[in-house]
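Enquirer: The following file, run-v6.cif, comprises mmCIF, C-alpha atoms:
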data_start
loop_
_atom_site.label_atom_id
_atom_site.label_comp_id
_atom_site.auth_asym_id
_atom_site.auth_seq_id
_atom_site.Cartn_x
_atom_site.Cartn_y
_atom_site.Cartn_z
CA MET A 109 80.14 107.88 138.65
CA ALA A 110 81.34 104.83 140.57
CA LYS A 111 81.14 104.85 144.33
CA ILE A 112 84.52 104.39 145.96
CA THR A 113 84.46 102.30 149.13
CA GLU A 114 87.26 101.15 151.37
CA ASN A 115 87.23 97.84 149.51
CA THR A 116 87.56 99.36 146.05
CA ARG A 117 91.35 99.50 146.04
CA GLU A 118 91.57 95.84 147.03
CA GLU A 119 89.06 94.95 144.33
CA VAL A 120 90.98 96.92 141.70
CA ALA A 121 94.31 95.45 142.81
CA ALA A 122 92.91 91.91 142.57
CA ILE A 123 91.58 92.54 139.04
CA VAL A 124 94.90 94.03 137.92
CA ARG A 125 96.96 91.17 139.34
CA ASP A 126 94.62 88.48 137.96
CA PHE A 127 94.68 90.17 134.57
CA PHE A 128 98.46 90.33 134.29
CA ALA A 129 98.91 86.84 135.72
CA GLU A 130 96.70 85.44 132.97
CA GLU A 131 97.90 87.65 130.12
CA CYS A 132 101.59 87.27 130.91
CA GLU A 133 101.36 83.66 132.06
CA VAL A 134 103.03 84.27 135.41
CA ASP A 135 102.08 83.13 138.91
CA LYS A 136 99.88 85.70 140.65
CA SER A 137 102.08 85.49 143.74
CA MET A 138 104.96 86.90 141.68
CA ILE A 139 103.09 90.15 141.05
CA ASN A 140 103.27 92.90 143.66
CA ASP A 141 103.13 96.69 143.73
CA THR A 142 106.78 97.07 142.72
CA THR A 143 106.59 94.70 139.75
CA ASN A 144 107.65 96.51 136.59
CA ILE A 145 104.97 96.01 133.93
CA ILE A 146 107.30 96.08 130.92
CA LYS A 147 110.58 94.73 132.29
CA ASP A 148 109.19 92.04 134.61
CA LEU A 149 105.96 91.07 132.85
CA ASP A 150 106.65 91.95 129.21
CA GLY A 151 103.41 93.93 129.27
CA ASP A 152 102.36 96.35 126.55
CA SER A 153 100.02 99.21 125.81
CA LEU A 154 97.35 96.90 124.40
CA MET A 155 97.13 95.19 127.78
CA PHE A 156 96.70 98.59 129.40
CA LEU A 157 93.96 99.36 126.89
CA GLU A 158 92.18 96.10 127.61
CA LEU A 159 92.40 96.68 131.34
CA ILE A 160 90.83 100.12 130.94
CA GLU A 161 87.96 98.53 129.01
CA ILE A 162 87.46 96.01 131.84
CA PHE A 163 87.20 98.82 134.41
CA LYS A 164 84.99 100.93 132.18
CA LYS A 165 82.51 98.07 131.99
CA LYS A 166 82.78 97.00 135.62
CA TYR A 167 82.31 100.48 137.09
CA ASN A 168 80.25 101.93 134.23
CA LEU A 169 82.78 104.71 133.76
CA ASP A 170 82.36 107.76 131.58
CA ILE A 171 85.91 108.41 130.43
CA GLU A 172 87.54 108.99 127.07
CA LEU A 173 90.70 107.06 126.34
CA LYS A 174 92.52 110.19 125.27
CA VAL A 175 91.89 111.78 128.66
CA ILE A 176 93.76 108.85 130.20
CA GLY A 177 96.46 109.19 127.54
CA LYS A 178 96.98 112.89 128.32
CA TYR A 179 97.15 112.14 132.03
CA ALA A 180 99.57 109.26 131.48
CA VAL A 181 102.00 111.52 129.58
CA LYS A 182 102.41 113.63 132.72
CA HIS A 183 102.16 110.72 135.13
CA PRO A 184 103.81 107.72 133.49
CA VAL A 185 103.05 104.31 134.91
CA THR A 186 105.79 101.71 135.18
CA THR A 187 104.80 99.48 138.12
CA ILE A 188 101.71 97.53 139.11
CA GLY A 189 101.28 99.75 142.18
CA GLN A 190 101.30 102.90 140.03
CA LEU A 191 98.83 101.30 137.65
CA ILE A 192 96.45 100.46 140.49
CA ASP A 193 96.73 104.04 141.78
CA MET A 194 95.95 105.38 138.34
CA GLN A 195 92.95 103.08 137.93
CA MET A 196 91.64 104.35 141.27
CA LEU A 197 91.94 107.93 140.04
CA ILE A 198 90.20 107.00 136.78
CA ILE A 199 87.33 105.38 138.68
CA GLU A 200 87.04 108.32 141.03
CA HIS A 201 87.39 111.21 138.60
CA GLU A 202 86.47 109.80 135.16
CA ASN A 203 86.56 112.54 132.50
CA ARG A 204 87.60 115.08 135.15
CA LEU A 205 90.92 113.28 135.57
CA LEU A 206 92.88 116.13 134.03
CA ASP A 207 91.39 118.60 136.52
CA LEU A 208 93.62 117.00 139.14
CA ASP A 209 96.65 118.61 137.50
CA ASN A 210 94.97 122.00 137.47
CA LYS A 211 94.20 121.76 141.17
CA ASN A 212 97.80 120.92 142.08
CA MET B 140 81.14 72.19 118.46
CA HIS B 141 82.65 72.47 114.98
CA SER B 142 84.64 75.61 114.35
CA ILE B 143 86.06 77.19 111.20
CA LYS B 144 89.84 76.88 111.23
CA ILE B 145 91.68 79.86 109.74
CA TYR B 146 95.43 80.14 109.32
CA VAL B 147 96.78 83.66 109.76
CA PHE B 148 100.16 84.61 108.31
CA PRO B 149 102.13 87.57 109.72
CA ALA B 150 104.18 89.96 107.57
CA PHE B 151 107.20 90.92 109.66
CA THR B 152 108.65 89.58 112.87
CA ASP B 153 110.26 91.80 115.47
CA ASP B 154 110.42 89.24 118.25
CA TYR B 155 111.43 85.58 118.16
CA SER B 156 111.47 85.14 121.95
CA ALA B 157 108.38 82.93 121.78
CA HIS B 158 109.85 80.86 118.93
CA PRO B 159 108.96 77.26 119.85
CA GLY B 160 111.67 75.59 117.79
CA GLN B 161 113.16 73.73 120.73
CA ILE B 162 109.78 72.41 121.82
CA PHE B 163 108.38 70.92 118.63
CA PRO B 164 110.49 68.32 116.87
CA GLY B 165 110.89 69.01 113.20
CA LEU B 166 110.19 72.74 113.20
CA MET B 167 113.82 73.86 113.34
CA GLU B 168 114.91 71.27 110.77
CA ARG B 169 112.15 72.25 108.39
CA PHE B 170 112.84 75.97 108.80
CA ARG B 171 116.59 75.54 108.37
CA SER B 172 116.05 73.43 105.27
CA LEU B 173 113.85 76.16 103.74
CA VAL B 174 116.45 78.80 104.65
CA GLU B 175 119.19 76.76 102.97
CA GLU B 176 117.16 76.43 99.78
CA ALA B 177 116.32 80.14 99.85
CA ALA B 178 119.94 81.08 100.48
CA PHE B 179 120.97 79.05 97.45
CA ALA B 180 118.22 80.35 95.15
CA ILE B 181 117.48 83.87 96.36
CA ASP B 182 119.87 85.41 98.87
CA PRO B 183 123.00 83.78 100.39
CA HIS B 184 122.89 86.11 103.41
CA LEU B 185 119.78 84.34 104.69
CA GLN B 186 122.06 81.57 106.00
CA SER B 187 123.30 83.93 108.71
CA PHE B 188 119.88 84.39 110.31
CA ASP B 189 120.04 83.95 114.08
CA PHE B 190 116.92 83.68 116.28
CA GLN B 191 118.74 84.95 119.35
CA ILE B 192 119.80 88.28 117.90
CA ASN B 193 117.16 88.55 115.15
CA ASN B 194 119.84 90.07 112.94
CA PHE B 195 117.45 91.04 110.14
CA LEU B 196 115.21 93.16 112.35
CA GLN B 197 116.32 96.36 110.58
CA ASP B 198 116.50 94.73 107.15
CA GLU B 199 112.92 94.75 105.94
CA LEU B 200 113.42 92.62 102.84
CA ARG B 201 115.26 89.83 104.66
CA ASN B 202 112.87 90.12 107.59
CA GLN B 203 110.04 89.39 105.13
CA PHE B 204 111.95 86.47 103.61
CA ILE B 205 112.61 84.91 107.02
CA THR B 206 109.08 85.52 108.28
CA CYS B 207 107.69 83.90 105.13
CA LEU B 208 109.99 80.87 105.47
CA TYR B 209 109.18 80.48 109.14
CA SER B 210 105.44 80.68 108.43
CA CYS B 211 105.77 78.06 105.70
CA ALA B 212 107.58 75.71 108.09
CA VAL B 213 104.91 76.23 110.75
CA SER B 214 101.91 75.75 108.47
CA SER B 215 103.35 72.63 106.83
CA LEU B 216 103.83 71.08 110.28
CA LEU B 217 100.30 71.99 111.27
CA ARG B 218 98.92 70.38 108.13
CA GLU B 219 100.90 67.24 108.86
CA LYS B 220 99.22 67.15 112.27
CA PHE B 221 95.87 67.36 110.45
CA VAL B 222 95.14 70.85 111.68
CA ILE B 223 93.68 71.74 108.29
CA PRO B 224 92.30 75.24 107.64
CA GLN B 225 89.03 75.99 105.82
CA MET B 226 90.53 79.33 104.79
CA SER B 227 93.53 81.53 105.41
CA VAL B 228 94.46 85.19 105.74
CA GLY B 229 97.75 86.87 104.91
CA PHE B 230 98.23 89.87 107.14
CA SER B 231 99.85 92.54 104.97
CA MET B 232 102.89 90.97 103.31
CA GLY B 233 101.92 87.66 104.94
CA ILE B 234 99.84 87.06 101.81
CA TYR B 235 102.83 85.39 100.13
CA ALA B 236 103.11 82.72 102.85
CA ALA B 237 99.34 82.21 102.70
CA MET B 238 99.67 81.51 98.99
CA VAL B 239 102.50 79.02 99.55
CA ASP B 240 100.51 77.25 102.24
CA SER B 241 97.47 76.93 99.98
CA GLY B 242 99.60 75.58 97.14
CA ALA B 243 99.00 78.57 94.85
CA VAL B 244 102.74 79.30 94.54
CA SER B 245 106.01 77.56 95.44
CA VAL B 246 108.22 78.81 98.27
CA ARG B 247 110.74 80.04 95.73
CA ALA B 248 108.07 81.89 93.74
CA ALA B 249 106.82 83.53 96.95
CA LEU B 250 110.32 84.79 97.74
CA GLU B 251 110.72 86.07 94.21
CA LEU B 252 107.39 87.89 94.52
CA ILE B 253 108.50 89.45 97.80
CA ARG B 254 111.71 90.67 96.21
CA MET B 255 109.93 91.96 93.10
CA ALA B 256 107.47 93.86 95.28
CA PHE B 257 110.25 95.35 97.38
CA ASP B 258 112.32 96.40 94.36
CA SER B 259 109.33 97.85 92.50
CA LEU B 260 108.16 99.83 95.51
CA LYS B 261 111.66 101.13 96.19
CA GLU B 262 111.95 102.31 92.59
CA GLY B 263 108.51 103.89 92.82
CA THR B 264 109.44 105.93 95.91
CA LEU B 265 112.97 106.88 94.93
CA GLY B 266 114.02 110.06 96.71
CA ILE B 267 111.14 109.99 99.19
CA HIS B 268 111.95 109.11 102.80
CA CYS B 269 108.99 106.98 103.83
CA GLY B 270 107.90 105.01 106.86
CA MET B 271 105.14 103.57 108.97
CA GLY B 272 104.01 103.89 112.55
CA ALA B 273 101.45 102.70 115.08
CA ILE B 274 99.02 104.77 117.13
CA ILE B 275 97.21 103.20 120.07
CA GLY B 276 94.55 104.98 122.08
CA LEU B 277 92.92 107.29 119.52
CA ASP B 278 90.00 106.49 117.26
CA ARG B 279 89.92 106.78 113.46
CA LYS B 280 88.20 110.16 113.52
CA ASP B 281 90.78 111.63 115.92
CA ILE B 282 93.61 110.53 113.64
CA GLU B 283 91.90 111.74 110.46
CA ILE B 284 91.36 115.16 112.03
CA LEU B 285 95.04 115.38 112.96
CA ILE B 286 96.07 114.39 109.43
CA ASN B 287 93.71 116.86 107.74
CA GLN B 288 94.23 119.80 110.07
CA ASN B 289 98.00 119.54 109.74
CA GLN B 290 97.96 118.64 106.03
CA LEU B 291 100.15 115.62 106.58
CA ASP B 292 101.00 113.27 103.73
CA VAL B 293 100.00 110.21 105.78
CA GLU B 294 97.28 107.58 105.42
CA ILE B 295 95.69 105.21 107.87
CA SER B 296 96.93 101.99 106.30
CA ASN B 297 95.40 99.46 108.68
CA GLN B 298 92.94 99.29 111.55
CA LEU B 299 93.80 96.56 114.03
CA ALA B 300 91.26 97.32 116.74
CA PRO B 301 88.85 100.16 117.61
CA PHE B 302 91.74 102.19 119.08
CA SER B 303 94.74 100.68 117.31
CA PHE B 304 95.94 101.90 113.91
CA ILE B 305 98.87 101.71 111.53
CA VAL B 306 99.77 104.75 109.46
CA SER B 307 101.96 105.03 106.36
CA GLY B 308 103.47 107.92 104.46
CA GLU B 309 106.40 110.30 104.30
CA TYR B 310 108.69 109.73 107.25
CA LYS B 311 108.75 113.30 108.54
CA ASN B 312 104.96 113.41 108.41
CA ILE B 313 104.71 110.10 110.24
CA GLU B 314 106.98 111.48 112.98
CA ARG B 315 104.87 114.63 113.18
CA LEU B 316 101.60 112.67 113.31
CA LEU B 317 102.88 110.44 116.11
CA ALA B 318 104.00 113.46 118.12
CA LEU B 319 100.62 115.15 117.60
CA SER B 320 98.87 111.92 118.55
CA LYS B 321 100.71 111.78 121.86
CA GLU B 322 99.68 115.38 122.54
CA GLU B 323 96.10 114.45 121.66
CA GLY B 324 96.14 111.61 124.22
CA ALA B 325 97.37 108.48 122.44
CA LEU B 326 98.49 105.89 124.96
CA HIS B 327 101.33 104.68 122.80
CA THR B 328 102.96 105.41 119.47
CA ARG B 329 105.91 103.87 117.69
CA ILE B 330 107.77 104.01 114.41
CA PHE B 331 108.23 100.72 112.56
CA PRO B 332 111.66 99.69 111.28
CA VAL B 333 110.59 99.87 107.62
CA THR B 334 111.45 102.25 104.79
CA LEU B 335 108.36 101.77 102.64
CA PRO B 336 104.84 103.09 103.33
CA TYR B 337 103.08 99.75 102.75
CA HIS B 338 99.38 99.90 101.87
CA ALA B 339 99.45 103.61 101.01
CA LEU B 340 98.64 105.36 97.73
CA LEU B 341 102.26 106.57 97.52
CA LEU B 342 103.06 103.05 96.32
CA LYS B 343 100.60 102.95 93.42
CA SER B 344 103.17 103.49 90.65
CA GLY B 345 105.48 100.89 92.21
CA ALA B 346 102.56 98.47 92.46
CA GLN B 347 101.77 98.95 88.76
CA ALA B 348 105.40 98.16 87.88
CA PHE B 349 105.15 95.09 90.12
CA ALA B 350 102.05 93.94 88.22
CA GLU B 351 104.09 93.89 85.01
CA LYS B 352 107.04 92.10 86.61
CA ILE B 353 104.97 89.25 88.03
CA ARG B 354 103.31 88.29 84.74
CA PRO B 355 105.68 85.32 84.20
CA ILE B 356 105.10 83.98 87.74
CA ARG B 357 102.76 81.04 87.70
CA ILE B 358 99.94 81.20 90.24
CA GLY B 359 97.76 78.13 90.77
CA ILE B 360 94.35 77.51 92.27
CA PRO B 361 94.58 77.71 96.07
CA ALA B 362 93.57 74.61 98.02
CA ASN B 363 91.54 76.81 100.34
CA PRO B 364 90.12 80.32 99.94
CA ILE B 365 92.33 83.22 100.99
CA ILE B 366 90.53 86.17 102.53
CA SER B 367 91.42 89.69 101.43
CA VAL B 368 92.38 92.02 104.27
CA ILE B 369 91.50 94.96 101.99
CA ASP B 370 87.80 94.25 101.45
CA GLN B 371 87.35 90.76 102.94
CA ALA B 372 86.71 89.24 99.50
CA VAL B 373 87.01 85.47 99.25
CA LEU B 374 89.86 84.77 96.82
CA THR B 375 89.67 81.40 95.08
CA THR B 376 91.19 81.88 91.62
CA PRO B 377 94.71 82.61 90.32
CA GLU B 378 93.43 85.81 88.69
CA ALA B 379 91.91 87.06 91.94
CA LEU B 380 95.12 86.29 93.81
CA ARG B 381 97.23 88.06 91.20
CA ASP B 382 95.04 91.17 91.46
CA GLU B 383 95.16 90.98 95.22
CA LEU B 384 98.97 90.88 95.26
CA VAL B 385 99.03 94.19 93.41
CA ARG B 386 96.19 95.86 95.34
CA ASN B 387 97.69 94.72 98.62
CA LEU B 388 100.70 96.96 98.09
CA TYR B 389 98.88 100.29 97.91
CA HIS B 390 95.37 99.83 99.32
CA PRO B 391 94.62 100.35 103.01
CA LEU B 392 93.89 97.19 105.01
CA ASN B 393 91.38 96.59 107.75
CA TRP B 394 92.42 93.74 109.99
CA MET B 395 89.63 94.39 112.49
CA ALA B 396 86.94 94.26 109.80
CA THR B 397 88.47 91.05 108.44
CA CYS B 398 88.31 89.36 111.85
CA GLN B 399 84.75 90.62 112.35
CA ARG B 400 83.62 89.36 108.94
CA LEU B 401 85.09 85.91 109.54
CA ILE B 402 83.66 85.65 113.04
CA SER B 403 80.22 86.60 111.72
CA GLN B 404 80.21 83.34 109.72
CA GLY B 405 80.36 81.12 112.79
CA ARG B 406 82.65 79.98 115.55
CA CYS B 407 86.22 80.60 114.38
CA GLU B 408 89.58 79.27 115.42
CA PHE B 409 92.40 81.49 114.17
CA ILE B 410 95.85 79.95 114.17
CA GLU B 411 98.80 82.35 113.88
CA CYS B 412 101.44 80.73 111.67
CA GLY B 413 104.42 82.65 112.97
CA PRO B 414 106.97 82.81 115.76
CA SER B 415 105.16 85.32 117.94
CA ALA B 416 101.63 86.19 118.91
CA SER B 417 101.48 89.73 117.57
CA LEU B 418 98.20 89.26 115.72
CA ILE B 419 96.66 87.45 118.67
CA LYS B 420 97.33 90.51 120.82
CA ASN B 421 95.40 92.74 118.47
CA ALA B 422 92.52 90.33 118.05
CA ARG B 423 91.56 90.52 121.72
CA PHE B 424 89.39 93.59 121.08
CA VAL B 425 87.21 91.87 118.51
CA GLU B 426 83.97 90.66 120.02
CA GLY B 427 82.47 87.31 119.04
CA ASP B 428 82.72 83.56 119.33
CA TYR B 429 86.30 82.74 118.40
CA ARG B 430 89.65 81.54 119.66
CA PHE B 431 93.01 82.85 118.57
CA LEU B 432 95.76 80.25 118.92
CA SER B 433 99.50 80.48 118.60
CA PHE B 434 101.36 77.66 116.85
CA ASN B 435 102.24 76.32 120.32
CA MET B 436 98.62 76.15 121.39
CA ALA B 437 97.42 74.65 118.12
CA MET B 438 100.01 71.85 118.25
CA ARG B 439 99.15 71.00 121.85
CA GLN B 440 95.40 70.65 121.24
#
Using structure tokens, write down the structure from this file.
Expert:
Amino acid sequence: MAKITENTREEVAAIVRDFFAEECEVDKSMINDTTNIIKDLDGDSLMFLELIEIFKKKYNLDIELKVIGKYAVKHPVTTIGQLIDMQMLIIEHENRLLDLDNKN
Amino acid sequence: MHSIKIYVFPAFTDDYSAHPGQIFPGLMERFRSLVEEAAFAIDPHLQSFDFQINNFLQDELRNQFITCLYSCAVSSLLREKFVIPQMSVGFSMGIYAAMVDSGAVSVRAALELIRMAFDSLKEGTLGIHCGMGAIIGLDRKDIEILINQNQLDVEISNQLAPFSFIVSGEYKNIERLLALSKEEGALHTRIFPVTLPYHALLLKSGAQAFAEKIRPIRIGIPANPIISVIDQAVLTTPEALRDELVRNLYHPLNWMATCQRLISQGRCEFIECGPSASLIKNARFVEGDYRFLSFNMAMRQ
């Protein structure tokens, strides 16, 4: 399990913004938490998939893609801010991500 | 360092927003000239094609015609710029454009082949509502379990990446499989705007009829090998290409395995001969020493 520090969110946010800036060929300064991934960046699910792979490798995460898929059905992501929040939850909870819904 | 150049030809186009016709002199003229010839010889409606509204998006036969013509315009420009491939790959119905590019058939013959295939497959599936869809986020085993447990008349007809698949079959079963896949945790699913289950066994009888129809079509020796997306065979003879045209209609493809096989031979440079970068997007999950270039990128090198 990855250790979450106070810098982790900043680190995750930087990776997400760099990734979309490069993939979507837009200036990084144009991407903020309210940027809509599909409408503003023309992003797609394959980009999301690739980003998950990047985080899995970086934080050595034990998480199945379909766990993320099940979570995403109940908690759809449309903006960069929501995506960063979800990545934080993935890093923190890994395969126990769905337990969050049971707790609430 | 020397790299193996490989042209890749798409089958359908759902997005022309990246169409670089205004940027590269000659592309629009060449494409329009091909469309005019095709409209005269094959289908007069092709003249009305409009990039802005992509008016043949829901018309799978004309979509194939236009995609083929566009690919032919792109690859001929690339060759003129001395971006010469060592081999080529036709993704799904992109095989016809690959054969034109390699000189194995004329543009007109390719369009006739496309129409013969479409007509034969339609006749072979008369009365069956068919379709195709995409599932992203599950692996092959997950999808096979869903198909088997629910006894769905659906096949995995192409693997694009470890977690990206295309499925073909009866429409209602495709819809059911996509819904089940979402429940199972797929990140994304979508139905394609097609009415035929390309690359599925349902098309075998139509493919056999197609084999008879294409006997009079002359197929020549390709200038470069064409790689099969079914089994990654290296196709170099007219007979092999003719067989491949028939097999391609009802055998499952494996795009990921094709990329992996090519990359295993050395440093590769794939050039997508189409208006978008749909195949580039899927190739990003293949590991190895390669570059995937759009027409834009290849021309600017």
Enquirer: Would you mind listing, as number ranges by chain, all residues of chain A that have at least one atom within 8 Å of chain B, where all atoms listed in the file are what counts?
Expert: A: 153-154, 157-158, 173-181
Enquirer: Region 358-375 of chain B: which residues within 8 Å, counting all atoms listed in the file, same-chain residues fewer than 3 positions away excluded, as an mmCIF file with C-alpha atoms, keeping the file's coordinate frame?
Expert:
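Output below, filename around.cif:
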data_model
loop_
_atom_site.group_PDB
_atom_site.id
_atom_site.type_symbol
_atom_site.label_atom_id
_atom_site.label_comp_id
_atom_site.auth_asym_id
_atom_site.auth_seq_id
_atom_site.Cartn_x
_atom_site.Cartn_y
_atom_site.Cartn_z
ATOM 1 C CA PRO B 224 92.300 75.240 107.640
ATOM 2 C CA GLN B 225 89.030 75.990 105.820
ATOM 3 C CA MET B 226 90.530 79.330 104.790
ATOM 4 C CA SER B 227 93.530 81.530 105.410
ATOM 5 C CA VAL B 228 94.460 85.190 105.740
ATOM 6 C CA GLY B 229 97.750 86.870 104.910
ATOM 7 C CA PHE B 230 98.230 89.870 107.140
ATOM 8 C CA SER B 231 99.850 92.540 104.970
ATOM 9 C CA ALA B 237 99.340 82.210 102.700
ATOM 10 C CA MET B 238 99.670 81.510 98.990
ATOM 11 C CA SER B 241 97.470 76.930 99.980
ATOM 12 C CA GLY B 242 99.600 75.580 97.140
ATOM 13 C CA ALA B 243 99.000 78.570 94.850
ATOM 14 C CA VAL B 244 102.740 79.300 94.540
ATOM 15 C CA ALA B 379 91.910 87.060 91.940
ATOM 16 C CA LEU B 380 95.120 86.290 93.810
ATOM 17 C CA ARG B 381 97.230 88.060 91.200
ATOM 18 C CA GLU B 383 95.160 90.980 95.220
ATOM 19 C CA ASN B 387 97.690 94.720 98.620
ATOM 20 C CA HIS B 390 95.370 99.830 99.320
ATOM 21 C CA PRO B 391 94.620 100.350 103.010
ATOM 22 C CA LEU B 392 93.890 97.190 105.010
ATOM 23 C CA ASN B 393 91.380 96.590 107.750
ATOM 24 C CA TRP B 394 92.420 93.740 109.990
ATOM 25 C CA ALA B 396 86.940 94.260 109.800
ATOM 26 C CA THR B 397 88.470 91.050 108.440
ATOM 27 C CA ARG B 400 83.620 89.360 108.940
#
Enquirer: Hey, which of A:Ile112, A:Asp207, A:Phe128, A:Gly189 ends up closest to Asp152 (chain A)? Count only C-alpha atoms.
Expert: A:Phe128
Enquirer: When the PyMOL selection byres ((chain A and resi 193) around 12) is applied to the file above, which residues end up in the set, as a list in words?
Expert: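 Evaluating the PyMOL selection byres ((chain A and resi 193) around 12) on this file yields Thr116, Arg117, Glu118, Val120, Ala121, Val124, Asp141, Ala180, His183, Pro184, Val185, Thr186, Thr187, Ile188, Gly189, Gln190, Leu191, Ile192, Met194, Gln195, Met196, Leu197, Ile198, Ile199 and Glu200 of chain A.
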Enquirer: Interatomic distance between CA of Leu340 (chain B) and CA of Gly266 (chain B)?
Expert: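 Taking CA of Leu340 (chain B) and CA of Gly266 (chain B), their separation equals 16.1 Å.
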Enquirer: For a cutoff of 12 Å around the file-coordinate point (106.4, 103.8, 93.0), which residues qualify once you count all atoms listed in the file? I'd like the result as a PyMOL selection string.
Expert: chain B and resi 256-267+269+335-350+388-389
Enquirer: Can you pull out every residue within 6 Å of Ile305 (chain B), counting only C-alpha atoms, but drop anything in the same chain fewer than 2 positions away, and send it as a list in words?
Expert: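 Here the answer would be Gly272, Ala273, Ile295, Ser296 and Asn297 of chain B.
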Enquirer: Choose the residue, out of B:Asp182, B:Glu426, B:Glu408, B:Glu378, that has the smallest atom-to-atom separation from Ser142 (chain B); count all atoms listed in the file.
Expert: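 Answer, going by the shortest atom-to-atom distance: B:Glu408.
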Enquirer: Please rebuild region 204-209 of chain A with all heavy atoms and give the result as a CSV table (one decimal), in the coordinates of the input.
Expert:
chain,number,residue,atom,x,y,z
A,204,ARG,N,87.0,113.9,134.5
A,204,ARG,CA,87.6,115.1,135.2
A,204,ARG,C,89.0,114.8,135.6
A,204,ARG,O,89.6,115.6,136.4
A,204,ARG,CB,86.7,115.5,136.3
A,204,ARG,CG,85.3,116.0,135.9
A,204,ARG,CD,84.4,116.3,137.1
A,204,ARG,NE,84.0,115.1,137.7
A,204,ARG,CZ,84.4,114.6,138.8
A,204,ARG,NH1,85.4,115.2,139.5
A,204,ARG,NH2,84.0,113.4,139.3
A,205,LEU,N,89.6,113.7,135.1
A,205,LEU,CA,90.9,113.3,135.6
A,205,LEU,C,92.0,114.4,135.4
A,205,LEU,O,92.8,114.6,136.3
A,205,LEU,CB,91.3,112.0,134.8
A,205,LEU,CG,92.6,111.3,135.1
A,205,LEU,CD1,92.5,110.7,136.5
A,205,LEU,CD2,92.9,110.2,134.1
A,206,LEU,N,91.9,115.1,134.3
A,206,LEU,CA,92.9,116.1,134.0
A,206,LEU,C,92.7,117.3,135.0
A,206,LEU,O,93.7,118.1,135.1
A,206,LEU,CB,92.8,116.6,132.6
A,206,LEU,CG,93.2,115.5,131.5
A,206,LEU,CD1,92.9,116.0,130.1
A,206,LEU,CD2,94.6,115.1,131.7
A,207,ASP,N,91.6,117.5,135.6
A,207,ASP,CA,91.4,118.6,136.5
A,207,ASP,C,92.3,118.4,137.7
A,207,ASP,O,92.6,119.4,138.4
A,207,ASP,CB,89.9,118.7,137.0
A,207,ASP,CG,89.0,119.0,135.9
A,207,ASP,OD1,89.5,119.5,134.8
A,207,ASP,OD2,87.8,118.9,136.1
A,208,LEU,N,92.7,117.2,138.0
A,208,LEU,CA,93.6,117.0,139.1
A,208,LEU,C,94.9,117.8,139.0
A,208,LEU,O,95.4,118.3,140.0
A,208,LEU,CB,94.0,115.5,139.3
A,208,LEU,CG,92.8,114.6,139.7
A,208,LEU,CD1,93.3,113.1,139.6
A,208,LEU,CD2,92.4,114.9,141.1
A,209,ASP,N,95.4,117.9,137.7
A,209,ASP,CA,96.6,118.6,137.5
A,209,ASP,C,96.4,120.1,137.7
A,209,ASP,O,97.3,120.8,138.1
A,209,ASP,CB,97.2,118.3,136.1
A,209,ASP,CG,97.8,117.0,136.0
A,209,ASP,OD1,98.3,116.5,137.0
A,209,ASP,OD2,97.8,116.4,134.9
